[in-house]
$ cat my_file.csv   # CSV, C-alpha atoms
chain,number,residue,atom,x,y,z
A,1303,MET,CA,0.0,0.0,0.0
A,1304,LYS,CA,1.5,3.3,-1.1
A,1305,LEU,CA,2.1,6.0,1.5
A,1306,GLY,CA,-0.6,8.3,0.3
A,1307,LEU,CA,-3.2,5.5,0.3
A,1308,ARG,CA,-2.0,4.3,3.7
A,1309,LEU,CA,-2.3,7.7,5.3
A,1310,THR,CA,-5.7,8.2,3.7
A,1311,THR,CA,-6.9,4.8,5.1
A,1312,ALA,CA,-5.5,5.7,8.5
A,1313,ALA,CA,-7.3,9.1,8.4
A,1314,LEU,CA,-10.6,7.5,7.3
A,1315,LEU,CA,-10.3,4.9,10.1
A,1316,ALA,CA,-9.6,7.5,12.7
A,1317,VAL,CA,-12.6,9.6,11.6
A,1318,ALA,CA,-14.8,6.5,11.7
A,1319,VAL,CA,-14.0,6.0,15.4
A,1320,LEU,CA,-13.7,9.7,16.0
A,1321,VAL,CA,-17.3,10.3,15.1
A,1322,PRO,CA,-18.9,8.4,18.0
A,1323,PHE,CA,-16.2,9.6,20.4
A,1324,ALA,CA,-16.7,13.2,19.3
A,1325,LEU,CA,-20.5,12.8,19.7
A,1326,LEU,CA,-20.1,11.3,23.1
A,1327,ALA,CA,-17.8,14.2,24.1
A,1328,VAL,CA,-20.3,16.8,22.9
A,1329,LEU,CA,-23.1,15.1,24.9
A,1330,VAL,CA,-20.9,15.1,28.0
A,1331,VAL,CA,-19.9,18.8,27.6
A,1332,GLY,CA,-23.5,19.8,26.8
A,1333,GLY,CA,-24.8,17.9,29.9
A,1334,TRP,CA,-27.3,15.9,27.9
A,1335,ALA,CA,-29.9,14.8,30.4
A,1336,PRO,CA,-30.4,11.2,29.2
A,1337,LEU,CA,-26.7,10.5,29.2
A,1338,HIS,CA,-26.3,12.1,32.7
A,1339,ASP,CA,-29.3,10.1,34.0
A,1340,GLY,CA,-27.9,6.9,32.6
A,1341,ASP,CA,-24.5,7.5,34.0
A,1342,ALA,CA,-25.9,8.3,37.4
A,1343,ALA,CA,-28.2,5.2,37.4
A,1344,ILE,CA,-25.3,2.8,36.6
A,1345,THR,CA,-23.0,4.5,39.1
A,1346,ASP,CA,-25.5,4.3,41.9
A,1347,ALA,CA,-26.3,0.6,41.1
A,1348,LEU,CA,-22.6,-0.5,41.0
A,1349,HIS,CA,-21.7,1.6,44.0
A,1350,SER,CA,-24.4,0.0,46.1
A,1351,TRP,CA,-23.2,-3.4,44.9
A,1352,ALA,CA,-19.6,-2.5,45.8
A,1353,LEU,CA,-20.6,-1.5,49.3
A,1354,ALA,CA,-22.4,-4.8,49.8
A,1355,HIS,CA,-19.6,-7.0,48.4
A,1356,ARG,CA,-16.3,-6.1,50.0
A,1357,GLY,CA,-14.4,-9.0,48.5
A,1358,TRP,CA,-15.3,-8.1,45.0
A,1359,ARG,CA,-14.6,-4.4,45.8
A,1360,ASP,CA,-11.1,-5.4,47.0
A,1361,ALA,CA,-10.6,-7.4,43.8
A,1362,ALA,CA,-11.6,-4.3,41.8
A,1363,VAL,CA,-9.0,-2.2,43.6
A,1364,TRP,CA,-6.4,-4.9,43.0
A,1365,TRP,CA,-7.3,-5.1,39.3
A,1366,THR,CA,-7.4,-1.3,38.7
A,1367,ASN,CA,-3.9,-1.0,40.4
A,1368,ILE,CA,-2.3,-3.8,38.4
A,1369,PHE,CA,-3.7,-2.6,35.1
A,1370,GLY,CA,-3.3,1.1,35.8
A,1371,PRO,CA,-1.7,3.5,33.4
A,1372,THR,CA,1.8,3.4,35.1
A,1373,PRO,CA,2.1,-0.4,35.1
A,1374,LEU,CA,0.8,-0.7,31.6
A,1375,ARG,CA,3.3,2.0,30.4
A,1376,ALA,CA,6.1,0.1,32.1
A,1377,ALA,CA,5.0,-3.1,30.4
A,1378,THR,CA,5.0,-1.4,27.0
A,1379,LEU,CA,8.4,0.1,27.7
A,1380,GLY,CA,9.6,-3.5,28.3
A,1381,LEU,CA,8.1,-4.4,25.0
A,1382,VAL,CA,10.0,-1.6,23.3
A,1383,VAL,CA,13.3,-2.7,24.8
A,1384,TRP,CA,12.6,-6.3,23.6
A,1385,LEU,CA,11.9,-5.0,20.1
A,1386,LEU,CA,15.0,-2.9,20.0
A,1387,VAL,CA,17.1,-5.9,21.1
A,1388,ARG,CA,15.7,-7.7,18.1
A,1389,ARG,CA,16.5,-4.6,16.0
A,1390,ALA,CA,12.8,-4.0,15.2
A,1391,ARG,CA,13.3,-0.3,15.4
A,1392,ARG,CA,10.3,0.7,13.3
A,1393,LEU,CA,7.9,-1.5,15.3
A,1394,ALA,CA,9.4,-0.2,18.5
A,1395,LEU,CA,8.8,3.4,17.2
A,1396,TRP,CA,5.1,2.4,16.4
A,1397,VAL,CA,4.6,1.3,20.0
A,1398,VAL,CA,6.1,4.5,21.4
A,1399,VAL,CA,4.1,6.7,19.0
A,1400,THR,CA,0.9,4.9,19.8
A,1401,MET,CA,1.3,5.1,23.6
A,1402,VAL,CA,2.5,8.7,23.6
A,1403,THR,CA,-0.1,9.9,21.2
A,1404,GLY,CA,-2.9,8.3,23.2
A,1405,GLY,CA,-1.6,9.6,26.5
A,1406,VAL,CA,-1.2,13.2,25.3
A,1407,LEU,CA,-4.7,13.2,23.7
A,1408,GLY,CA,-6.2,11.8,26.9
A,1409,ALA,CA,-4.6,14.4,29.1
A,1410,VAL,CA,-5.5,17.3,26.7
A,1411,LEU,CA,-9.1,16.1,26.4
A,1412,LYS,CA,-9.5,15.9,30.2
A,1413,LEU,CA,-8.5,19.6,30.5
A,1414,LEU,CA,-10.7,20.6,27.6
A,1415,VAL,CA,-13.8,18.8,28.8
A,1416,GLY,CA,-13.2,19.5,32.5
A,1417,ARG,CA,-15.8,17.0,33.7
A,1418,HIS,CA,-15.9,16.3,37.4
A,1419,ARG,CA,-15.8,12.8,38.8
A,1420,PRO,CA,-18.8,11.2,40.6
A,1421,ASP,CA,-19.3,12.7,44.1
A,1422,LEU,CA,-20.6,9.9,46.2
A,1423,LEU,CA,-21.8,10.1,49.8
A,1424,ASP,CA,-19.9,7.0,50.9
A,1425,PRO,CA,-17.1,6.5,48.4
A,1426,VAL,CA,-15.1,3.3,48.3
A,1427,ALA,CA,-12.2,4.8,46.4
A,1428,ARG,CA,-10.9,8.2,45.4
A,1429,ALA,CA,-9.1,9.6,42.4
A,1430,THR,CA,-7.8,13.0,41.4
A,1431,GLY,CA,-8.1,15.0,38.2
A,1432,TYR,CA,-10.9,15.4,35.7
A,1433,SER,CA,-13.0,12.5,34.6
A,1434,PHE,CA,-13.5,12.4,30.8
A,1435,PRO,CA,-12.1,10.3,29.2
A,1436,SER,CA,-11.0,7.6,31.7
A,1437,GLY,CA,-7.2,7.3,31.7
A,1438,HIS,CA,-7.4,3.7,32.9
A,1439,ALA,CA,-9.8,2.7,30.1
A,1440,LEU,CA,-7.7,4.6,27.5
A,1441,ASN,CA,-4.4,3.1,28.5
A,1442,ALA,CA,-5.8,-0.4,28.8
A,1443,ALA,CA,-7.1,-0.1,25.2
A,1444,LEU,CA,-3.8,1.3,24.0
A,1445,ALA,CA,-1.7,-1.4,25.7
A,1446,ALA,CA,-4.0,-4.2,24.8
A,1447,GLY,CA,-4.0,-3.1,21.1
A,1448,VAL,CA,-0.2,-2.7,21.1
A,1449,PHE,CA,0.5,-6.1,22.6
A,1450,VAL,CA,-2.0,-8.0,20.5
A,1451,LEU,CA,-0.6,-6.6,17.3
A,1452,VAL,CA,3.1,-7.3,18.3
A,1453,LEU,CA,3.1,-10.7,20.0
A,1454,PRO,CA,4.1,-13.5,17.8
A,1455,VAL,CA,0.9,-15.7,18.0
A,1456,VAL,CA,-0.4,-15.8,14.5
A,1457,ARG,CA,-2.6,-19.0,14.1
A,1458,ARG,CA,-4.8,-18.3,17.1
A,1459,ARG,CA,-4.9,-14.6,17.2
A,1460,TRP,CA,-8.5,-14.8,18.5
A,1461,VAL,CA,-7.0,-15.9,21.8
A,1462,LEU,CA,-4.9,-12.6,22.0
A,1463,TRP,CA,-7.9,-10.5,20.9
A,1464,THR,CA,-10.1,-12.1,23.5
A,1465,GLY,CA,-7.6,-11.6,26.3
A,1466,ALA,CA,-7.0,-8.0,25.3
A,1467,ALA,CA,-10.7,-7.3,25.2
A,1468,VAL,CA,-11.2,-8.8,28.6
A,1469,VAL,CA,-8.4,-6.8,30.2
A,1470,ALA,CA,-9.6,-3.6,28.6
A,1471,PHE,CA,-13.2,-4.2,29.6
A,1472,LEU,CA,-12.5,-5.2,33.2
A,1473,THR,CA,-10.1,-2.3,33.7
A,1474,GLY,CA,-12.8,0.1,32.6
A,1475,LEU,CA,-15.5,-1.7,34.6
A,1476,THR,CA,-13.5,-1.4,37.8
A,1477,ARG,CA,-13.4,2.3,37.5
A,1478,ILE,CA,-17.2,2.5,37.5
A,1479,VAL,CA,-17.5,-0.1,40.3
A,1480,LEU,CA,-15.2,2.0,42.5
A,1481,GLY,CA,-17.2,5.1,41.7
A,1482,VAL,CA,-14.3,7.2,40.3
A,1483,HIS,CA,-15.6,7.4,36.7
A,1484,TRP,CA,-18.9,7.7,34.9
A,1485,THR,CA,-19.8,5.0,32.4
A,1486,SER,CA,-19.4,7.5,29.5
A,1487,ASP,CA,-15.9,8.3,30.7
A,1488,VAL,CA,-14.9,4.7,30.3
A,1489,VAL,CA,-16.6,4.3,26.9
A,1490,GLY,CA,-14.8,7.4,25.8
A,1491,GLY,CA,-11.5,6.0,26.9
A,1492,TRP,CA,-12.1,2.8,25.0
A,1493,LEU,CA,-13.1,4.6,21.8
A,1494,LEU,CA,-10.1,7.0,22.0
A,1495,GLY,CA,-7.7,4.0,22.5
A,1496,VAL,CA,-9.1,2.0,19.6
A,1497,MET,CA,-8.9,5.1,17.4
A,1498,VAL,CA,-5.3,5.8,18.2
A,1499,VAL,CA,-4.2,2.1,17.8
A,1500,ALA,CA,-6.0,1.6,14.5
A,1501,ALA,CA,-4.9,4.9,13.0
A,1502,THR,CA,-1.2,4.4,13.9
A,1503,ALA,CA,-1.2,0.7,12.9
A,1504,VAL,CA,-2.5,1.5,9.4
A,1505,ALA,CA,-0.2,4.5,9.1
A,1506,PHE,CA,2.9,2.5,10.0
A,1507,THR,CA,2.3,-0.6,7.9
A,1508,ARG,CA,2.1,-1.2,4.2
A,1509,ARG,CA,-0.7,-3.7,4.6
A,1510,GLY,CA,-4.4,-3.1,5.0
A,1511,LEU,CA,-6.1,-3.1,8.3
A,1512,ASP,CA,-7.6,-6.6,7.8
A,1513,SER,CA,-4.1,-8.0,7.4
A,1514,VAL,CA,-2.9,-6.1,10.4
A,1515,VAL,CA,-5.7,-7.5,12.5
A,1516,GLU,CA,-5.1,-11.1,11.3
A,1517,GLN,CA,-1.3,-11.2,11.4
A,1518,GLY,CA,-0.1,-8.2,13.5
A,1519,VAL,CA,1.8,-5.1,12.6
A,1520,GLU,CA,5.0,-6.9,11.7
A,1521,PRO,CA,4.6,-10.7,12.5
A,1522,ALA,CA,8.0,-11.7,11.1
A,1523,VAL,CA,9.9,-9.6,13.6
A,1524,ALA,CA,8.5,-11.4,16.6
A,1525,ASP,CA,9.5,-14.8,15.3
A,1526,ALA,CA,13.0,-13.7,14.2
A,1527,PRO,CA,15.9,-14.6,16.5
A,1528,ALA,CA,17.6,-11.7,18.2
A,1529,ALA,CA,20.6,-10.4,16.3
A,1530,GLU,CA,24.0,-11.6,17.5
A,1531,THR,CA,26.3,-9.1,19.0
A,1532,ARG,CA,29.9,-8.9,17.9
$ encode --input "my_file.csv" --output "structure tokens"
Amino acid sequence: MKLGLRLTTAALLAVAVLVPFALLAVLVVGGWAPLHDGDAAITDALHSWALAHRGWRDAAVWWTNIFGPTPLRAATLGLVVWLLVRRARRLALWVVVTMVTGGVLGAVLKLLVGRHRPDLLDPVARATGYSFPSGHALNAALAAGVFVLVLPVVRRRWVLWTGAAVVAFLTGLTRIVLGVHWTSDVVGGWLLGVMVVAATAVAFTRRGLDSVVEQGVEPAVADAPAAETR
């Protein structure tokens, strides 16, 4: 795929995911009543459940800490080092660009939207900063996408995709259960993460998106032995 067509495909893909994300952001900023009421209803229900089930609440705290932005960024840094050892510089650059782009976009959007977190009477957890989009959901989607497109499992990629989806979903869900994010914050984080991963993957590879999903960004690199040092 030529550079121009590749970039055009990436742009169209980004727009396709950007549309629902932008619509969600507009509804959040505009304080659309049905969205606010839906967010409040889900938060109240899950918060009541968390108060009544301490064991599951503690499990949610454990999960959200293990798969928080900092541990996930550390894991992707390890992935970058592994790729550099195998001299997959372009692939390592893709990982860095994807994570940095997503992180910067998330931070900027939080400031622009300026949405406050849920204010619960009896909170089970606390978090600082603005609420939309969820940084945990965003980074979980980014890291899941990066790892699933780099790891060398080709024949059973559905296993990787399923595992990545479960990690991203549960990470976002724990933020709602703990009452530190609205549901729309989490959905916004997922959408933004998918948009960034998809756009950068198509922009960095000469193959179409269907091939990227099926085989990874650069499957041959993962299977290749590390270069010998002299």
$ closest_residue --input "my_file.csv" --among "A:Asp1341, A:Leu1493, A:Val1319, A:Trp1384" --to "Leu1453 of chain A" --atoms "all atoms listed in the file"
A:Trp1384
$ closest_residue --input "my_file.csv" --among "A:Asp1421, A:Thr1430, A:Leu1494, A:Leu1411" --to "Ala1443 of chain A" --atoms "all atoms listed in the file"
A:Leu1494
$ residues_around --input "my_file.csv" --residues "Met1401 of chain A" --least-positions-apart "3" --cutoff "12 Å" --atoms "all atoms listed in the file" --output "number ranges by chain"
A: 1371-1372, 1374-1379, 1381-1382, 1394-1398, 1404-1408, 1437, 1440-1449, 1494-1499, 1502-1503
$ closest_residue --input "my_file.csv" --among "A:Gly1340, A:Gly1333, A:Pro1322, A:Gly1481" --to "Val1415 of chain A" --atoms "all atoms listed in the file"
A:Gly1333
$ residues_around --input "my_file.csv" --residues "Arg1419 of chain A" --least-positions-apart "6" --cutoff "10 Å" --atoms "only C-alpha atoms" --output "NGL selection string"
:A and (1428-1434 or 1481-1484 or 1487)
$ atom_distance --input "my_file.csv" --atom1 "atom CA of Ala1347 of chain A" --atom2 "atom CA of Ala1324 of chain A"
26.9 Å
$ closest_residue --input "my_file.csv" --among "A:Gly1474, A:Ala1352, A:Gly1357, A:Asp1424" --to "Gly1490 of chain A" --atoms "only C-alpha atoms"
A:Gly1474
$ closest_residue --input "my_file.csv" --among "A:Thr1366, A:Thr1507, A:Pro1420, A:Ala1427" --to "Ala1343 of chain A" --atoms "only C-alpha atoms"
A:Pro1420
